Each structure stands twice: as structure tokens, then as C-alpha cells.
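coords_24.cif follows (mmCIF, C-alpha atoms; chains and numbers go by the auth columns):
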data_upload
loop_
_atom_site.group_PDB
_atom_site.id
_atom_site.type_symbol
_atom_site.label_atom_id
_atom_site.label_comp_id
_atom_site.label_asym_id
_atom_site.label_seq_id
_atom_site.Cartn_x
_atom_site.Cartn_y
_atom_site.Cartn_z
_atom_site.B_iso_or_equiv
_atom_site.auth_seq_id
_atom_site.auth_asym_id
ATOM 1 C CA MET A 1 -77.396 8.045 -44.575 0.00 1181 A
ATOM 2 C CA LYS A 2 -73.840 9.150 -45.339 0.00 1182 A
ATOM 3 C CA THR A 3 -72.333 6.738 -42.817 0.00 1183 A
ATOM 4 C CA ILE A 4 -74.304 3.810 -44.281 0.00 1184 A
ATOM 5 C CA GLY A 5 -73.064 4.744 -47.757 0.00 1185 A
ATOM 6 C CA LYS A 6 -69.455 4.994 -46.537 0.00 1186 A
ATOM 7 C CA ILE A 7 -69.651 1.634 -44.775 0.00 1187 A
ATOM 8 C CA LEU A 8 -71.249 0.006 -47.823 0.00 1188 A
ATOM 9 C CA PHE A 9 -68.597 1.530 -50.097 0.00 1189 A
ATOM 10 C CA LYS A 10 -65.802 0.226 -47.835 0.00 1190 A
ATOM 11 C CA ILE A 11 -67.329 -3.269 -47.776 0.00 1191 A
ATOM 12 C CA LEU A 12 -67.643 -3.289 -51.564 0.00 1192 A
ATOM 13 C CA GLY A 13 -64.060 -2.048 -51.909 0.00 1193 A
ATOM 14 C CA ILE A 14 -62.735 -4.766 -49.622 0.00 1194 A
ATOM 15 C CA ALA A 15 -64.780 -7.399 -51.485 0.00 1195 A
ATOM 16 C CA ALA A 16 -63.427 -6.148 -54.834 0.00 1196 A
ATOM 17 C CA LEU A 17 -59.856 -6.294 -53.509 0.00 1197 A
ATOM 18 C CA ILE A 18 -60.334 -9.861 -52.244 0.00 1198 A
ATOM 19 C CA TYR A 19 -61.923 -10.855 -55.556 0.00 1199 A
ATOM 20 C CA GLY A 20 -58.974 -9.372 -57.468 0.00 1200 A
ATOM 21 C CA ILE A 21 -56.448 -11.224 -55.323 0.00 1201 A
ATOM 22 C CA LEU A 22 -58.295 -14.523 -55.720 0.00 1202 A
ATOM 23 C CA PHE A 23 -58.576 -13.986 -59.479 0.00 1203 A
ATOM 24 C CA ALA A 24 -54.814 -13.370 -59.739 0.00 1204 A
ATOM 25 C CA VAL A 25 -54.108 -16.558 -57.764 0.00 1205 A
ATOM 26 C CA PHE A 26 -56.371 -18.521 -60.117 0.00 1206 A
ATOM 27 C CA TYR A 27 -55.181 -16.881 -63.355 0.00 1207 A
ATOM 28 C CA TRP A 28 -51.463 -17.412 -62.775 0.00 1208 A
ATOM 29 C CA ASP A 29 -51.946 -20.721 -60.848 0.00 1209 A
ATOM 30 C CA LEU A 30 -50.067 -19.319 -57.873 0.00 1210 A
ATOM 31 C CA ASP A 31 -51.344 -21.980 -55.499 0.00 1211 A
ATOM 32 C CA GLY A 32 -50.038 -24.782 -57.726 0.00 1212 A
ATOM 33 C CA LYS A 33 -46.685 -23.029 -58.136 0.00 1213 A
ATOM 34 C CA PHE A 34 -46.454 -22.580 -54.370 0.00 1214 A
ATOM 35 C CA LEU A 35 -47.138 -26.264 -53.795 0.00 1215 A
ATOM 36 C CA TYR A 36 -44.686 -27.396 -56.505 0.00 1216 A
ATOM 37 C CA TYR A 37 -41.759 -25.053 -55.893 0.00 1217 A
ATOM 38 C CA ILE A 38 -41.962 -24.371 -52.139 0.00 1218 A
ATOM 39 C CA TRP A 39 -44.169 -26.814 -50.227 0.00 1219 A
ATOM 40 C CA GLU A 40 -43.210 -30.092 -51.932 0.00 1220 A
ATOM 41 C CA PRO A 41 -39.415 -29.594 -51.592 0.00 1221 A
ATOM 42 C CA MET A 42 -39.877 -28.741 -47.909 0.00 1222 A
ATOM 43 C CA MET A 43 -41.947 -31.872 -47.337 0.00 1223 A
ATOM 44 C CA ILE A 44 -39.523 -34.076 -49.295 0.00 1224 A
ATOM 45 C CA LYS A 45 -36.622 -32.705 -47.293 0.00 1225 A
ATOM 46 C CA ARG A 46 -38.471 -33.300 -44.018 0.00 1226 A
ATOM 47 C CA PHE A 47 -39.903 -36.748 -44.649 0.00 1227 A
ATOM 48 C CA ASP A 48 -36.920 -38.209 -46.523 0.00 1228 A
ATOM 49 C CA ASN A 49 -34.697 -37.450 -43.537 0.00 1229 A
ATOM 50 C CA MET A 50 -37.013 -38.940 -40.891 0.00 1230 A
ATOM 51 C CA GLU A 51 -35.772 -41.817 -38.767 0.00 1231 A
ATOM 52 C CA ARG A 52 -37.698 -44.979 -39.554 0.00 1232 A
ATOM 53 C CA LYS A 53 -37.275 -48.457 -38.213 0.00 1233 A
ATOM 54 C CA ASP A 54 -36.203 -50.993 -40.797 0.00 1234 A
ATOM 55 C CA ALA A 55 -39.097 -53.395 -41.333 0.00 1235 A
ATOM 56 C CA THR A 56 -36.891 -55.815 -43.268 0.00 1236 A
ATOM 57 C CA ALA A 57 -34.504 -56.288 -40.338 0.00 1237 A
ATOM 58 C CA MET A 58 -37.175 -57.857 -38.094 0.00 1238 A
ATOM 59 C CA PRO A 59 -37.211 -61.663 -38.121 0.00 1239 A
ATOM 60 C CA TYR A 60 -40.364 -63.134 -39.630 0.00 1240 A
ATOM 61 C CA SER A 61 -41.173 -65.065 -36.457 0.00 1241 A
ATOM 62 C CA MET A 62 -41.472 -61.811 -34.489 0.00 1242 A
ATOM 63 C CA LYS A 63 -44.204 -60.380 -36.719 0.00 1243 A
ATOM 64 C CA GLU A 64 -47.685 -60.494 -35.275 0.00 1244 A
ATOM 65 C CA ASN A 65 -50.153 -63.087 -36.397 0.00 1245 A
ATOM 66 C CA VAL A 66 -52.753 -61.362 -38.580 0.00 1246 A
ATOM 67 C CA GLU A 67 -55.275 -64.203 -38.420 0.00 1247 A
ATOM 68 C CA ALA A 68 -55.333 -64.107 -34.608 0.00 1248 A
ATOM 69 C CA ASN A 69 -56.528 -60.485 -34.712 0.00 1249 A
ATOM 70 C CA PHE A 70 -59.676 -61.386 -36.676 0.00 1250 A
ATOM 71 C CA GLU A 71 -60.839 -64.221 -34.452 0.00 1251 A
ATOM 72 C CA ALA A 72 -63.437 -63.157 -31.964 0.00 1252 A
#

The structure given in the file should be rewritten as C-alpha cells.
Amino acid sequence: MKTIGKILFKILGIAALIYGILFAVFYWDLDGKFLYYIWEPMMIKRFDNMERKDATAMPYSMKENVEANFEA
């Protein structure tokens, strides 16, 4: 019986610790702050510097015919 009580007490302790961590994340909006201050600047830096082909440089006659794709 003692081992079952110890295991149950450990499980409850771990659950309480996880609950406390999740409550702190919610209370101080840590996930939103992470996204705003860390994740978004990293993504802006990455995607603003990506090589992209210039769609305006292609002559209009080279663009594919959209109507031809819908005819069956």
C-alpha cells in the first residue's frame, strides 16, 4: 500500500507542477509574448530575405491561359 501511495503522490505532484506552469504561461501571456518578441522577428527576417522570382518581369504573353485549364 505504501508504494501505491508514493506513486500516487508523485503523479499528483507532477500534475500540480504542470498545472502551475501552464497557469503562469496563461496569466502572464507568455505564449503571446514569445510569438511577438521572438518568433515573429525570426520569421520576418527569414521570409523577407528569401529569393523570389519577380512576377512583374514576365511578359504577359508568357503567362498561362487560365481558361484553358478549366475546359475538360

Once 8 Å is added on each side, what centre and edge lengths in Å to one decimal does the axis-aligned box around all listed atoms of region 1228-1241 of chain A have, as lines of an AutoDock Vina configuration file?
center_x = -37.8
center_y = -51.3
center_z = -41.5
size_x = 22.7
size_y = 43.6
size_z = 26.1

> What is the distance between CA of Ile1187 (chain A) and CA of Tyr1199 (chain A), in Å to one decimal?
Replying inline: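 CA of Tyr1199 (chain A) lies 18.2 Å from CA of Ile1187 (chain A).
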
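In this structure, CA of Ile1198 (chain A) sits 19.9 Å away from CA of Gly1185 (chain A).
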
> CA of Lys1190 (chain A) and CA of Asp1209 (chain A), how far apart in Å?
Replying inline: 28.3 Å

As a compact mmCIF listing (two decimals), in the coordinates of the input, could you write out region 1199-1234 of chain A once it has been completed with N, CA and C atoms?
# COMPACT_ATOMS: atom_id res chain seq x y z
N TYR A 1199 -61.61 -10.21 -54.29
CA TYR A 1199 -61.92 -10.86 -55.56
C TYR A 1199 -60.75 -10.73 -56.53
N GLY A 1200 -60.12 -9.57 -56.59
CA GLY A 1200 -58.97 -9.37 -57.47
C GLY A 1200 -57.80 -10.26 -57.08
N ILE A 1201 -57.54 -10.37 -55.79
CA ILE A 1201 -56.45 -11.22 -55.32
C ILE A 1201 -56.73 -12.69 -55.67
N LEU A 1202 -57.94 -13.14 -55.41
CA LEU A 1202 -58.30 -14.52 -55.72
C LEU A 1202 -58.25 -14.79 -57.22
N PHE A 1203 -58.64 -13.82 -58.03
CA PHE A 1203 -58.58 -13.99 -59.48
C PHE A 1203 -57.13 -14.10 -59.94
N ALA A 1204 -56.23 -13.30 -59.37
CA ALA A 1204 -54.81 -13.37 -59.74
C ALA A 1204 -54.22 -14.73 -59.35
N VAL A 1205 -54.59 -15.24 -58.19
CA VAL A 1205 -54.11 -16.56 -57.76
C VAL A 1205 -54.59 -17.62 -58.75
N PHE A 1206 -55.84 -17.55 -59.17
CA PHE A 1206 -56.37 -18.52 -60.12
C PHE A 1206 -55.75 -18.35 -61.50
N TYR A 1207 -55.64 -17.13 -61.98
CA TYR A 1207 -55.18 -16.88 -63.36
C TYR A 1207 -53.74 -17.33 -63.57
N TRP A 1208 -52.86 -17.04 -62.63
CA TRP A 1208 -51.46 -17.41 -62.78
C TRP A 1208 -51.12 -18.70 -62.03
N ASP A 1209 -52.12 -19.44 -61.54
CA ASP A 1209 -51.95 -20.72 -60.85
C ASP A 1209 -50.91 -20.60 -59.73
N LEU A 1210 -51.04 -19.57 -58.92
CA LEU A 1210 -50.07 -19.32 -57.87
C LEU A 1210 -50.11 -20.37 -56.77
N ASP A 1211 -51.27 -20.94 -56.52
CA ASP A 1211 -51.34 -21.98 -55.50
C ASP A 1211 -50.61 -23.24 -55.95
N GLY A 1212 -50.75 -23.62 -57.21
CA GLY A 1212 -50.04 -24.78 -57.73
C GLY A 1212 -48.53 -24.56 -57.75
N LYS A 1213 -48.12 -23.35 -58.12
CA LYS A 1213 -46.68 -23.03 -58.14
C LYS A 1213 -46.12 -23.03 -56.73
N PHE A 1214 -46.89 -22.54 -55.76
CA PHE A 1214 -46.45 -22.58 -54.37
C PHE A 1214 -46.26 -24.01 -53.91
N LEU A 1215 -47.24 -24.87 -54.21
CA LEU A 1215 -47.14 -26.26 -53.80
C LEU A 1215 -45.96 -26.96 -54.47
N TYR A 1216 -45.73 -26.70 -55.75
CA TYR A 1216 -44.69 -27.40 -56.50
C TYR A 1216 -43.29 -26.90 -56.15
N TYR A 1217 -43.10 -25.60 -56.07
CA TYR A 1217 -41.76 -25.05 -55.89
C TYR A 1217 -41.34 -24.85 -54.44
N ILE A 1218 -42.30 -24.68 -53.53
CA ILE A 1218 -41.96 -24.37 -52.14
C ILE A 1218 -42.38 -25.49 -51.20
N TRP A 1219 -43.66 -25.87 -51.22
CA TRP A 1219 -44.17 -26.81 -50.23
C TRP A 1219 -43.62 -28.23 -50.44
N GLU A 1220 -43.66 -28.73 -51.68
CA GLU A 1220 -43.21 -30.09 -51.93
C GLU A 1220 -41.73 -30.30 -51.61
N PRO A 1221 -40.81 -29.39 -52.01
CA PRO A 1221 -39.42 -29.59 -51.59
C PRO A 1221 -39.22 -29.58 -50.08
N MET A 1222 -39.98 -28.75 -49.37
CA MET A 1222 -39.88 -28.74 -47.91
C MET A 1222 -40.34 -30.07 -47.33
N MET A 1223 -41.43 -30.61 -47.85
CA MET A 1223 -41.95 -31.87 -47.34
C MET A 1223 -41.03 -33.04 -47.70
N ILE A 1224 -40.46 -33.02 -48.91
CA ILE A 1224 -39.52 -34.08 -49.30
C ILE A 1224 -38.30 -34.04 -48.39
N LYS A 1225 -37.79 -32.84 -48.15
CA LYS A 1225 -36.62 -32.70 -47.29
C LYS A 1225 -36.93 -33.20 -45.88
N ARG A 1226 -38.11 -32.89 -45.39
CA ARG A 1226 -38.47 -33.30 -44.02
C ARG A 1226 -38.69 -34.80 -43.92
N PHE A 1227 -39.51 -35.35 -44.80
CA PHE A 1227 -39.90 -36.75 -44.65
C PHE A 1227 -38.87 -37.73 -45.17
N ASP A 1228 -37.99 -37.31 -46.08
CA ASP A 1228 -36.92 -38.21 -46.52
C ASP A 1228 -35.84 -38.36 -45.46
N ASN A 1229 -35.72 -37.40 -44.57
CA ASN A 1229 -34.70 -37.45 -43.54
C ASN A 1229 -35.21 -37.99 -42.20
N MET A 1230 -36.46 -38.44 -42.14
CA MET A 1230 -37.01 -38.94 -40.89
C MET A 1230 -36.40 -40.29 -40.54
N GLU A 1231 -36.24 -40.52 -39.24
CA GLU A 1231 -35.77 -41.82 -38.77
C GLU A 1231 -36.93 -42.80 -38.84
N ARG A 1232 -36.68 -43.93 -39.47
CA ARG A 1232 -37.70 -44.98 -39.55
C ARG A 1232 -37.05 -46.30 -39.16
N LYS A 1233 -37.82 -47.14 -38.52
CA LYS A 1233 -37.28 -48.46 -38.21
C LYS A 1233 -37.31 -49.30 -39.49
N ASP A 1234 -36.33 -50.16 -39.62
CA ASP A 1234 -36.20 -50.99 -40.80
C ASP A 1234 -37.10 -52.22 -40.64
